[in-house]
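Enquirer: What follows is the file start_32.pdb, containing PDB, C-alpha atoms:
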ATOM      1  CA  MET A   1     -71.881 -40.876   4.737  1.00  0.00           C
ATOM      2  CA  SER A   2     -70.503 -44.068   5.814  1.00  0.00           C
ATOM      3  CA  GLU A   3     -71.970 -45.897   8.611  1.00  0.00           C
ATOM      4  CA  PHE A   4     -70.311 -45.791  12.021  1.00  0.00           C
ATOM      5  CA  LYS A   5     -68.481 -48.908  12.916  1.00  0.00           C
ATOM      6  CA  VAL A   6     -67.571 -49.698  16.490  1.00  0.00           C
ATOM      7  CA  ILE A   7     -63.947 -50.544  17.082  1.00  0.00           C
ATOM      8  CA  GLU A   8     -63.695 -53.639  19.156  1.00  0.00           C
ATOM      9  CA  THR A   9     -60.067 -54.761  18.893  1.00  0.00           C
ATOM     10  CA  GLN A  10     -56.687 -53.149  19.263  1.00  0.00           C
ATOM     11  CA  GLU A  11     -55.781 -54.086  15.677  1.00  0.00           C
ATOM     12  CA  GLU A  12     -58.800 -52.236  14.309  1.00  0.00           C
ATOM     13  CA  LEU A  13     -57.880 -49.155  16.399  1.00  0.00           C
ATOM     14  CA  ASP A  14     -54.265 -49.317  15.174  1.00  0.00           C
ATOM     15  CA  ALA A  15     -55.438 -49.570  11.533  1.00  0.00           C
ATOM     16  CA  VAL A  16     -57.742 -46.525  11.888  1.00  0.00           C
ATOM     17  CA  LEU A  17     -55.021 -44.510  13.627  1.00  0.00           C
ATOM     18  CA  GLN A  18     -52.451 -45.547  11.020  1.00  0.00           C
ATOM     19  CA  LYS A  19     -54.712 -44.277   8.219  1.00  0.00           C
ATOM     20  CA  ARG A  20     -55.245 -40.960   9.988  1.00  0.00           C
ATOM     21  CA  LEU A  21     -51.494 -40.577  10.702  1.00  0.00           C
ATOM     22  CA  GLU A  22     -50.637 -41.273   7.062  1.00  0.00           C
ATOM     23  CA  ARG A  23     -53.232 -38.767   5.911  1.00  0.00           C
ATOM     24  CA  LYS A  24     -51.898 -36.126   8.348  1.00  0.00           C
ATOM     25  CA  GLU A  25     -48.318 -36.821   7.256  1.00  0.00           C
ATOM     26  CA  ARG A  26     -49.303 -36.354   3.583  1.00  0.00           C
ATOM     27  CA  GLU A  27     -50.993 -33.053   4.499  1.00  0.00           C
ATOM     28  CA  VAL A  28     -47.874 -31.847   6.299  1.00  0.00           C
ATOM     29  CA  GLN A  29     -45.655 -32.934   3.391  1.00  0.00           C
ATOM     30  CA  GLU A  30     -47.884 -31.073   0.944  1.00  0.00           C
ATOM     31  CA  LYS A  31     -47.953 -28.001   3.159  1.00  0.00           C
ATOM     32  CA  TYR A  32     -44.161 -27.876   3.529  1.00  0.00           C
ATOM     33  CA  LYS A  33     -43.286 -29.081   0.053  1.00  0.00           C
ATOM     34  CA  GLY A  34     -40.146 -27.261  -1.188  1.00  0.00           C
ATOM     35  CA  PHE A  35     -38.897 -26.597   2.337  1.00  0.00           C
ATOM     36  CA  ALA A  36     -35.662 -28.154   3.584  1.00  0.00           C
ATOM     37  CA  SER A  37     -35.895 -31.064   5.935  1.00  0.00           C
ATOM     38  CA  PRO A  38     -34.074 -31.031   9.272  1.00  0.00           C
ATOM     39  CA  ASP A  39     -31.462 -33.378   7.797  1.00  0.00           C
ATOM     40  CA  ASP A  40     -30.967 -31.047   4.850  1.00  0.00           C
ATOM     41  CA  VAL A  41     -30.632 -28.106   7.224  1.00  0.00           C
ATOM     42  CA  GLU A  42     -27.938 -29.943   9.181  1.00  0.00           C
ATOM     43  CA  LYS A  43     -26.011 -30.644   5.969  1.00  0.00           C
ATOM     44  CA  ILE A  44     -26.302 -27.019   4.850  1.00  0.00           C
ATOM     45  CA  LYS A  45     -25.204 -25.857   8.285  1.00  0.00           C
ATOM     46  CA  ALA A  46     -22.172 -28.167   8.232  1.00  0.00           C
ATOM     47  CA  ASP A  47     -21.217 -26.910   4.754  1.00  0.00           C
ATOM     48  CA  TYR A  48     -21.458 -23.282   5.835  1.00  0.00           C
ATOM     49  CA  GLU A  49     -19.482 -23.923   9.012  1.00  0.00           C
ATOM     50  CA  ALA A  50     -16.718 -25.563   6.958  1.00  0.00           C
ATOM     51  CA  LYS A  51     -16.687 -22.599   4.565  1.00  0.00           C
ATOM     52  CA  ILE A  52     -16.604 -20.143   7.476  1.00  0.00           C
ATOM     53  CA  LYS A  53     -13.723 -22.009   9.073  1.00  0.00           C
ATOM     54  CA  ALA A  54     -11.786 -21.973   5.782  1.00  0.00           C
ATOM     55  CA  LYS A  55     -12.420 -18.232   5.350  1.00  0.00           C
ATOM     56  CA  ASP A  56     -11.352 -17.566   8.947  1.00  0.00           C
ATOM     57  CA  GLU A  57      -8.067 -19.333   8.290  1.00  0.00           C
ATOM     58  CA  GLU A  58      -7.581 -17.305   5.101  1.00  0.00           C
ATOM     59  CA  MET A  59      -8.306 -14.107   7.024  1.00  0.00           C
ATOM     60  CA  LYS A  60      -5.805 -15.017   9.753  1.00  0.00           C
ATOM     61  CA  LYS A  61      -3.120 -15.646   7.144  1.00  0.00           C
ATOM     62  CA  ALA A  62      -3.934 -12.359   5.410  1.00  0.00           C
ATOM     63  CA  ALA A  63      -3.936 -10.503   8.738  1.00  0.00           C
ATOM     64  CA  GLU A  64      -0.505 -11.903   9.595  1.00  0.00           C
ATOM     65  CA  LYS A  65       0.749 -10.980   6.144  1.00  0.00           C
ATOM     66  CA  TYR A  66      -0.514  -7.413   6.323  1.00  0.00           C
ATOM     67  CA  ALA A  67       0.298  -6.816  10.009  1.00  0.00           C
ATOM     68  CA  GLU A  68       3.961  -6.434   9.121  1.00  0.00           C
ATOM     69  CA  ASN A  69       3.047  -4.048   6.296  1.00  0.00           C
ATOM     70  CA  ASP A  70       0.965  -1.973   8.696  1.00  0.00           C
ATOM     71  CA  LYS A  71       3.930  -1.769  11.071  1.00  0.00           C
ATOM     72  CA  VAL A  72       6.225  -0.656   8.259  1.00  0.00           C
ATOM     73  CA  VAL A  73       3.706   1.966   7.139  1.00  0.00           C
ATOM     74  CA  SER A  74       3.310   3.322  10.673  1.00  0.00           C
ATOM     75  CA  ASP A  75       7.107   3.421  11.156  1.00  0.00           C
ATOM     76  CA  LEU A  76       7.585   5.256   7.879  1.00  0.00           C
ATOM     77  CA  THR A  77       4.765   7.658   8.700  1.00  0.00           C
ATOM     78  CA  LEU A  78       6.382   8.434  12.049  1.00  0.00           C
ATOM     79  CA  ARG A  79       9.751   8.983  10.370  1.00  0.00           C
ATOM     80  CA  ALA A  80       8.172  11.323   7.820  1.00  0.00           C
ATOM     81  CA  GLU A  81       6.427  13.317  10.548  1.00  0.00           C
ATOM     82  CA  ASN A  82       9.678  13.610  12.499  1.00  0.00           C
ATOM     83  CA  ALA A  83      11.540  14.723   9.366  1.00  0.00           C
ATOM     84  CA  GLU A  84       8.888  17.353   8.662  1.00  0.00           C
ATOM     85  CA  LYS A  85       9.156  18.674  12.225  1.00  0.00           C
ATOM     86  CA  SER A  86      12.936  18.739  11.996  1.00  0.00           C
ATOM     87  CA  LEU A  87      12.785  20.641   8.716  1.00  0.00           C
ATOM     88  CA  LEU A  88      10.260  23.057  10.186  1.00  0.00           C
ATOM     89  CA  ARG A  89      12.498  23.625  13.225  1.00  0.00           C
ATOM     90  CA  ALA A  90      15.480  24.324  10.967  1.00  0.00           C
ATOM     91  CA  GLU A  91      13.376  26.747   8.908  1.00  0.00           C
ATOM     92  CA  VAL A  92      12.163  28.623  11.993  1.00  0.00           C
ATOM     93  CA  ALA A  93      15.695  28.739  13.424  1.00  0.00           C
ATOM     94  CA  SER A  94      16.981  30.180  10.150  1.00  0.00           C
ATOM     95  CA  GLU A  95      14.222  32.798  10.091  1.00  0.00           C
ATOM     96  CA  HIS A  96      15.212  33.960  13.575  1.00  0.00           C
ATOM     97  CA  LYS A  97      18.956  33.790  12.830  1.00  0.00           C
ATOM     98  CA  LEU A  98      19.605  31.052  15.368  1.00  0.00           C
ATOM     99  CA  PRO A  99      22.486  28.618  14.871  1.00  0.00           C
ATOM    100  CA  TYR A 100      21.489  25.345  13.204  1.00  0.00           C
ATOM    101  CA  GLU A 101      22.675  23.439  16.287  1.00  0.00           C
ATOM    102  CA  LEU A 102      19.921  25.116  18.326  1.00  0.00           C
ATOM    103  CA  ALA A 103      17.147  24.218  15.878  1.00  0.00           C
ATOM    104  CA  SER A 104      16.543  20.883  17.592  1.00  0.00           C
ATOM    105  CA  ARG A 105      15.999  22.738  20.887  1.00  0.00           C
ATOM    106  CA  LEU A 106      12.917  24.558  19.621  1.00  0.00           C
ATOM    107  CA  LEU A 107       9.730  23.427  21.317  1.00  0.00           C
ATOM    108  CA  GLY A 108       6.251  23.156  19.882  1.00  0.00           C
ATOM    109  CA  GLU A 109       4.148  21.072  17.559  1.00  0.00           C
ATOM    110  CA  THR A 110       3.095  23.835  15.175  1.00  0.00           C
ATOM    111  CA  LYS A 111       5.079  26.466  13.317  1.00  0.00           C
ATOM    112  CA  GLU A 112       3.540  29.229  15.432  1.00  0.00           C
ATOM    113  CA  ASP A 113       4.609  27.517  18.672  1.00  0.00           C
ATOM    114  CA  MET A 114       8.134  27.030  17.327  1.00  0.00           C
ATOM    115  CA  GLN A 115       8.307  30.678  16.229  1.00  0.00           C
ATOM    116  CA  LYS A 116       7.342  31.860  19.722  1.00  0.00           C
ATOM    117  CA  ASP A 117      10.040  29.656  21.231  1.00  0.00           C
ATOM    118  CA  ALA A 118      12.593  30.830  18.641  1.00  0.00           C
ATOM    119  CA  GLU A 119      11.788  34.471  19.417  1.00  0.00           C
ATOM    120  CA  LEU A 120      12.335  33.824  23.106  1.00  0.00           C
ATOM    121  CA  LEU A 121      15.591  31.989  22.455  1.00  0.00           C
ATOM    122  CA  ALA A 122      16.783  34.689  20.039  1.00  0.00           C
ATOM    123  CA  SER A 123      16.135  37.352  22.682  1.00  0.00           C
ATOM    124  CA  TYR A 124      18.615  35.560  24.967  1.00  0.00           C
ATOM    125  CA  MET A 125      21.129  35.235  22.158  1.00  0.00           C
ATOM    126  CA  LYS A 126      21.328  38.987  21.454  1.00  0.00           C
ATOM    127  CA  PRO A 127      24.423  40.656  22.897  1.00  0.00           C
ATOM    128  CA  GLN A 128      23.590  42.638  26.024  1.00  0.00           C
ATOM    129  CA  SER A 129      26.239  45.284  25.381  1.00  0.00           C
ATOM    130  CA  ALA A 130      27.722  46.750  22.250  1.00  0.00           C
ATOM    131  CA  PRO A 131      30.998  45.279  20.988  1.00  0.00           C
ATOM    132  CA  PRO A 132      34.122  47.305  21.707  1.00  0.00           C
ATOM    133  CA  ALA A 133      34.708  50.128  19.271  1.00  0.00           C
ATOM    134  CA  TYR A 134      37.586  49.907  16.792  1.00  0.00           C
ATOM    135  CA  THR A 135      40.572  52.097  17.409  1.00  0.00           C
ATOM    136  CA  SER A 136      43.462  52.562  15.087  1.00  0.00           C
ATOM    137  CA  THR A 137      45.842  53.400  17.926  1.00  0.00           C
ATOM    138  CA  PRO A 138      48.223  50.526  18.695  1.00  0.00           C
ATOM    139  CA  VAL A 139      48.458  49.267  22.234  1.00  0.00           C
ATOM    140  CA  GLY A 140      51.630  48.506  24.242  1.00  0.00           C
ATOM    141  CA  ASN A 141      55.163  48.536  22.683  1.00  0.00           C
ATOM    142  CA  ALA A 142      53.574  48.546  19.238  1.00  0.00           C
ATOM    143  CA  ALA A 143      52.556  52.181  19.767  1.00  0.00           C
ATOM    144  CA  ALA A 144      56.195  53.201  19.983  1.00  0.00           C
ATOM    145  CA  HIS A 145      57.033  51.722  16.589  1.00  0.00           C
ATOM    146  CA  GLY A 146      54.181  53.260  14.581  1.00  0.00           C
ATOM    147  CA  ASN A 147      51.053  51.894  12.949  1.00  0.00           C
ATOM    148  CA  HIS A 148      52.869  50.188  10.080  1.00  0.00           C
ATOM    149  CA  ASP A 149      54.716  47.661  12.143  1.00  0.00           C
ATOM    150  CA  ALA A 150      52.220  47.493  15.029  1.00  0.00           C
ATOM    151  CA  ALA A 151      50.859  44.037  14.238  1.00  0.00           C
ATOM    152  CA  TYR A 152      54.326  42.569  13.804  1.00  0.00           C
ATOM    153  CA  MET A 153      55.550  44.153  16.978  1.00  0.00           C
ATOM    154  CA  ALA A 154      52.552  42.802  18.947  1.00  0.00           C
ATOM    155  CA  LEU A 155      53.331  39.347  17.611  1.00  0.00           C
ATOM    156  CA  LEU A 156      57.020  39.681  18.461  1.00  0.00           C
ATOM    157  CA  ASP A 157      56.173  40.949  21.935  1.00  0.00           C
ATOM    158  CA  GLY A 158      53.929  37.933  22.457  1.00  0.00           C
ATOM    159  CA  ILE A 159      56.711  35.530  21.406  1.00  0.00           C
ATOM    160  CA  THR A 160      59.514  37.117  23.390  1.00  0.00           C
ATOM    161  CA  GLY A 161      57.382  37.825  26.420  1.00  0.00           C
ATOM    162  CA  ASN A 162      58.116  41.580  26.489  1.00  0.00           C
ATOM    163  CA  PRO A 163      55.195  43.652  27.705  1.00  0.00           C
TER
END
I need this file expressed as structure tokens, please.
Expert:
Amino acid sequence: MSEFKVIETQEELDAVLQKRLERKEREVQEKYKGFASPDDVEKIKADYEAKIKAKDEEMKKAAEKYAENDKVVSDLTLRAENAEKSLLRAEVASEHKLPYELASRLLGETKEDMQKDAELLASYMKPQSAPPAYTSTPVGNAAAHGNHDAAYMALLDGITGNP
């Protein structure tokens, strides 16, 4: 071993400390060799932030571009659903012998619901009494002239005002 030497001046102390600091710095450099320095990390971070910002702008442009397409798709989907419901209502109305004009009045989201409503509506549409029976006997002055001319006589009576 080397012999101990007493440090008597500030310069000697600074020289010894400088040697030890250099040795420690070399050890740290060897230990962390291949790692990025703080300056390198800052550069990498700045590069990534610039790339992220560029990608964000691209995404915003793409989102704006496709937002209109999404609206069109949703509008068309809604129109298709409404058309399907309208067609289903018309089909159910036809099955229950309801007039086409009443098909839009049917309530319900499913075919079964619409059929129940159509049955209810059809029950109100049925005649409550039987239609008058047909008679071959002419009515009014037409009876006096016989069956052959009855229709013409009824027409003539209506024009002339004779009862």
Enquirer: Taking only C-alpha atoms into account, which of A:Leu102, A:Leu21, A:Met114, A:Leu155 comes nearest Leu88 in chain A?
Expert: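 Nearest candidate to Leu88 in chain A out of A:Leu102, A:Leu21, A:Met114, A:Leu155: A:Met114.
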Enquirer: Return as lines of an AutoDock Vina configuration file the box centre and box size in Å, one decimal, for an axis-aligned box around all listed atoms of range 3-21 of chain A padded by 6 Å per side.
Expert:
center_x = -61.7
center_y = -47.7
center_z = 13.7
size_x = 32.5
size_y = 26.2
size_z = 23.0
Enquirer: Quote the spacing between CA of Lys51 in chain A and CA of Phe35 in chain A in Å to one decimal place.
Expert: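 The value is 22.7 Å.
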Enquirer: Report, in Å to a single decimal, how far apart CA of Met125 in chain A and CA of Asn82 in chain A are.
Expert: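 It comes out at 26.3 Å.
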Enquirer: Run the PyMOL selection byres ((chain A and resi 93-101) around 10) against the file shown and list the residues it catches, as a PyMOL selection string.
Expert: chain A and resi 87-92+102-106+114-115+117-123+125
Enquirer: So how far away is CA of Thr9 in chain A from CA of Glu27 in chain A, in Å?
Expert: 27.6 Å
